[in-house]
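Student: Can you keep this structure in mind? I'll have questions shortly.
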Amino acid sequence: MSYFLETLVGGLLAGTMYSMVAIGFVLIYKASGVFNFAQGSMTLFAALTFVCLKERGLSVGLSFVATALTMVLVGLLIERLLLRRLVNRSPVTLFMATLGLSYIVEGVAQAIWGADVHGLDLGIEDTPMPLPFGIRVSRFDLWAAGAAGALVVALSLFANRTRIGLSLRAVADDPLAAVSLGVRLPVIWRTVWSLAGFVGLVAGLFWGSRSGVQFSLTLVVLKAMPVLIIGGFDSIVGAIVAGLIVGASEKLAEVYVGAAIGAGLENWFPYAMAVGFLLLRPSGLLGGKAIVRV
Amino acid sequence: MSLLVVDRISLSFNAVKALTDVGFDVARHEICALVGPNGAGKSSLLNVLCGVYRPERGRVVFDGEVRPFMRPREAAREGIGRTFQSLAIFKGMTVLENVLTGRNLAFTSTWFELALGVGRARREESAQRDEAERVLEFLDLQRYRHAVASTLAYGLQKRVDLARALASRPKLLLLDEPMAGMTADEKREMSRFVLAVNRDYGTTVLLIEHDMSVVMNLSDHVVVLDYGRKVGDGPPDAVRSDPEVLRAYLGTKRRVA
């Protein structure tokens, strides 16, 4: 029993790492209907910038602030150079633009910081820590879960307590009505891309410190896919819940069914689950139904 | 002087002509009704006035300023507010938050000041909240201020839409079928609110409505559209007995364009 609990809790905590990446997508999708394929390379860009600044002798805090500001700048540039010129284009056009953007961001990251693999040490040990009920979970996973929680609290405070947050929710709910009230869409886009860059930074720190800061980090975009499909593309809460589901179920599947089906189940199980969701509940657990206005 | 002059506006979507040389004046402080059968171009005209569509020909004169077309933000800033035919209130927000979004343009402090929470930003924040509360009170919505908009009855949601538009204190309020789908009681109530807005706030109203008894009771001025052309324009009684309008509206005999 305690082994089951340990696997479950460990999986849930690991799942928050998926949620972190997924939240970046949801922010942009909600506010502009764009599926931002470049979220993965923004995560890499942030992690790489952080680690290289730190290696050049900046303190952790200073590197963090400098990287956060850099990500805001990246968000502003993307809005100015790309999104503003693609207003009212079809979703496929926008998706292809972010696909291209993904490689550009990756290329720029490489041009600035080089292509080496960097180790990233946040000073958190990835060692088991005893919890009640005799289960032991990784200290690192606990920190990651805490960071994901803090991120969500910060985002919801921003959305609920600030004027720009209110405008952001207005645009997500009904862009036409928001515009008729004088909300400036470019301001909203700049804001969400900056926020998504910041979310990429937090995700990049944890993913980077677990698997090294290298170009494969951009592939977290693929890890976030099942989470988005299961949770719904436009729900932050959905991203959290689905991250937990994916994290827990892939661990449980690996441990309890893996032996019968074969190793590596963990790698494809979330995708199989996502396909199941597409068939049964295409808008995800908490996603809004697409309504076509006539 | 008229608040709004619609001057020979033409608009088409590909080959379909939505509006052809439509022109009329809306006087300051009047309630003007735009009527006509479905597809007559009423909503298209409203969308031209608030900047959603750009007309091919013609111009809009609003409050003395001549424009070949409006931009949405410009329309909002110049004092044109609107409600929507299909409910477009922010469903996930509370009623108060919906109304606060209507105060969006009235904020002058930068968001840097807001982030720091300095005095001016705080004072402004509470002033906007007071203004929003006044609008809620005026439309008898105080009770629902913290209710999430989507949980309210349909008639109340329509009133929230009106409150949000009114919160920006527009000079001209465009109401796109404010009473569509309402019961007779709800229509009477909504009519009362539209009249009160017009009287107490001095807001000029241009509204689209199908219910002729509502139109006759509410409006000072009626403009009739049919197939994208204006077929009637004048005081309600004169328009009602105009044979051309009767033909268009009751469909006794279709003209061949």
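Residue numbering restarts at 1 for every chain of the structure tokens, chains are lettered A, B, ... in their displayed order, and ligands are numbered from 1 as they appear.
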Using only C-alpha atoms, find each residue in chain A having at least one atom no more than 6 Å away from chain B; report its shortest atom-to-atom pair and that distance in Å (one decimal), rows by chain then rising number, as a Markdown table.
Tutor:
```
| residue | atom | partner | partner_atom | distance |
| --- | --- | --- | --- | --- |
| A:Asp173 | CA | B:Phe90 | CA | 5.6 |
| A:Ser180 | CA | B:Pro72 | CA | 5.8 |
| A:Leu181 | CA | B:Gly102 | CA | 5.8 |
| A:Gly182 | CA | B:Arg73 | CA | 4.6 |
```
Student: Could you take the residues named above and write them with C-alpha atoms, as a short mmCIF file (atom, residue, chain, number, x, y, z; two decimals), in the first residue's frame?
Tutor:
```
data_model
loop_
_atom_site.label_atom_id
_atom_site.label_comp_id
_atom_site.auth_asym_id
_atom_site.auth_seq_id
_atom_site.Cartn_x
_atom_site.Cartn_y
_atom_site.Cartn_z
CA ASP A 173 -13.81 35.78 -22.75
CA SER A 180 -15.55 47.75 -28.07
CA LEU A 181 -14.68 48.88 -24.53
CA GLY A 182 -11.36 50.26 -25.69
#
```
Student: Taking the chain letters and numbering used in this document, name the residues of range 43-133 of chain B that DSSP puts in strand (DSSP E), as JSON, numbers by chain.
Tutor: {"B": [57, 58, 59, 60, 61, 62, 65, 66, 67, 80, 81, 82]}
Student: DSSP on the backbone, alpha helix (DSSP H) only: what residues of range 28-190 of chain A does that give? Format it as a PyMOL selection string.
Tutor: chain A and resi 28-32+39-55+60-81+91-113+139-161+163-173+175-180+185-190
Student: Taking C-alpha atoms for each residue, export the selection above as a short mmCIF file (atom, residue, chain, number, x, y, z; two decimals), in the first residue's frame.
Tutor:
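Contents of result.cif, as written:
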```cif
data_model
loop_
_atom_site.label_atom_id
_atom_site.label_comp_id
_atom_site.auth_asym_id
_atom_site.auth_seq_id
_atom_site.Cartn_x
_atom_site.Cartn_y
_atom_site.Cartn_z
CA ILE A 28 -1.22 32.61 -24.96
CA TYR A 29 -3.98 30.41 -26.31
CA LYS A 30 -6.62 31.99 -24.07
CA ALA A 31 -5.70 35.55 -24.93
CA SER A 32 -5.06 35.21 -28.64
CA GLN A 39 6.92 27.73 -25.90
CA GLY A 40 9.49 24.93 -25.77
CA SER A 41 12.27 26.99 -27.29
CA MET A 42 11.35 29.93 -25.05
CA THR A 43 11.82 27.54 -22.13
CA LEU A 44 15.24 26.60 -23.49
CA PHE A 45 16.13 30.22 -24.16
CA ALA A 46 15.27 31.16 -20.57
CA ALA A 47 17.11 28.25 -18.99
CA LEU A 48 20.17 28.83 -21.17
CA THR A 49 20.26 32.56 -20.43
CA PHE A 50 19.93 31.88 -16.71
CA VAL A 51 22.63 29.25 -16.57
CA CYS A 52 25.09 31.23 -18.69
CA LEU A 53 24.62 34.38 -16.61
CA LYS A 54 25.13 32.34 -13.48
CA GLU A 55 28.27 30.74 -14.91
CA VAL A 60 21.16 33.27 -8.55
CA GLY A 61 18.78 36.12 -7.70
CA LEU A 62 20.39 38.53 -10.14
CA SER A 63 20.49 35.93 -12.92
CA PHE A 64 16.82 35.23 -12.32
CA VAL A 65 15.80 38.89 -12.52
CA ALA A 66 17.99 39.52 -15.58
CA THR A 67 16.57 36.45 -17.34
CA ALA A 68 13.01 37.42 -16.46
CA LEU A 69 13.59 40.87 -17.99
CA THR A 70 15.13 39.24 -21.07
CA MET A 71 12.05 37.05 -21.50
CA VAL A 72 9.82 40.13 -21.28
CA LEU A 73 11.93 41.69 -24.01
CA VAL A 74 11.58 38.53 -26.13
CA GLY A 75 7.81 38.68 -25.65
CA LEU A 76 7.68 42.33 -26.72
CA LEU A 77 9.79 41.62 -29.81
CA ILE A 78 7.61 38.69 -30.86
CA GLU A 79 4.48 40.83 -30.58
CA ARG A 80 6.03 43.72 -32.50
CA LEU A 81 7.73 41.75 -35.27
CA PRO A 91 -5.13 29.57 -36.90
CA VAL A 92 -3.01 27.38 -39.20
CA THR A 93 -1.04 30.40 -40.41
CA LEU A 94 -0.43 31.49 -36.83
CA PHE A 95 0.57 28.00 -35.81
CA MET A 96 3.05 27.76 -38.70
CA ALA A 97 4.44 31.16 -37.71
CA THR A 98 5.11 29.94 -34.17
CA LEU A 99 6.66 26.76 -35.57
CA GLY A 100 9.09 28.94 -37.52
CA LEU A 101 9.52 31.16 -34.50
CA SER A 102 10.47 28.12 -32.45
CA TYR A 103 13.52 27.48 -34.66
CA ILE A 104 14.45 31.16 -34.75
CA VAL A 105 14.40 31.42 -30.95
CA GLU A 106 16.44 28.23 -30.75
CA GLY A 107 18.92 29.59 -33.30
CA VAL A 108 19.25 32.92 -31.52
CA ALA A 109 19.82 31.13 -28.21
CA GLN A 110 22.58 29.10 -29.84
CA ALA A 111 24.12 32.16 -31.50
CA ILE A 112 24.29 34.04 -28.21
CA TRP A 113 25.19 31.31 -25.73
CA ARG A 139 12.95 16.79 -2.30
CA PHE A 140 13.37 18.22 -5.79
CA ASP A 141 9.87 17.16 -6.81
CA LEU A 142 8.50 18.88 -3.72
CA TRP A 143 10.24 22.10 -4.66
CA ALA A 144 8.99 21.86 -8.24
CA ALA A 145 5.45 21.38 -7.00
CA GLY A 146 5.85 24.33 -4.67
CA ALA A 147 7.13 26.50 -7.52
CA ALA A 148 4.24 25.46 -9.76
CA GLY A 149 1.82 26.31 -6.97
CA ALA A 150 3.42 29.71 -6.39
CA LEU A 151 3.29 30.39 -10.12
CA VAL A 152 -0.42 29.70 -10.26
CA VAL A 153 -1.12 31.85 -7.21
CA ALA A 154 0.90 34.71 -8.70
CA LEU A 155 -0.88 34.44 -12.06
CA SER A 156 -4.31 34.36 -10.47
CA LEU A 157 -3.50 37.38 -8.31
CA PHE A 158 -2.40 39.16 -11.45
CA ALA A 159 -5.57 38.20 -13.32
CA ASN A 160 -7.94 39.04 -10.48
CA ARG A 161 -6.38 42.01 -8.76
CA ARG A 163 -6.55 46.29 -14.19
CA ILE A 164 -4.53 44.72 -16.97
CA GLY A 165 -5.44 41.30 -15.58
CA LEU A 166 -9.10 42.27 -15.86
CA SER A 167 -8.59 43.34 -19.49
CA LEU A 168 -6.80 40.08 -20.13
CA ARG A 169 -9.75 38.07 -18.85
CA ALA A 170 -12.08 40.25 -20.90
CA VAL A 171 -10.15 39.49 -24.10
CA ALA A 172 -10.05 35.78 -23.28
CA ASP A 173 -13.81 35.78 -22.75
CA PRO A 175 -12.38 39.75 -27.79
CA LEU A 176 -14.94 41.74 -29.78
CA ALA A 177 -16.69 43.02 -26.68
CA ALA A 178 -13.36 43.82 -25.05
CA VAL A 179 -12.26 45.86 -28.06
CA SER A 180 -15.55 47.75 -28.07
CA LEU A 185 -5.23 43.95 -28.09
CA PRO A 186 -1.51 44.58 -28.74
CA VAL A 187 -1.03 45.47 -25.07
CA ILE A 188 -2.73 42.24 -24.07
CA TRP A 189 -0.61 40.20 -26.49
CA ARG A 190 2.59 41.80 -25.22
#
```
Student: Rounded to one decimal place, report the CA of Gly11 in chain A-CA of Gly288 in chain A distance in Å.
Tutor: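 The value is 27.0 Å.
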Student: Give me, as a PyMOL selection string, all polymer residues having an atom no more than 12 Å from Arg8 in chain B, counting only C-alpha atoms and skipping those fewer than 2 positions away in the same chain.
Tutor: chain B and resi 5-6+10-11+19-25+45+55-61+68+228-230
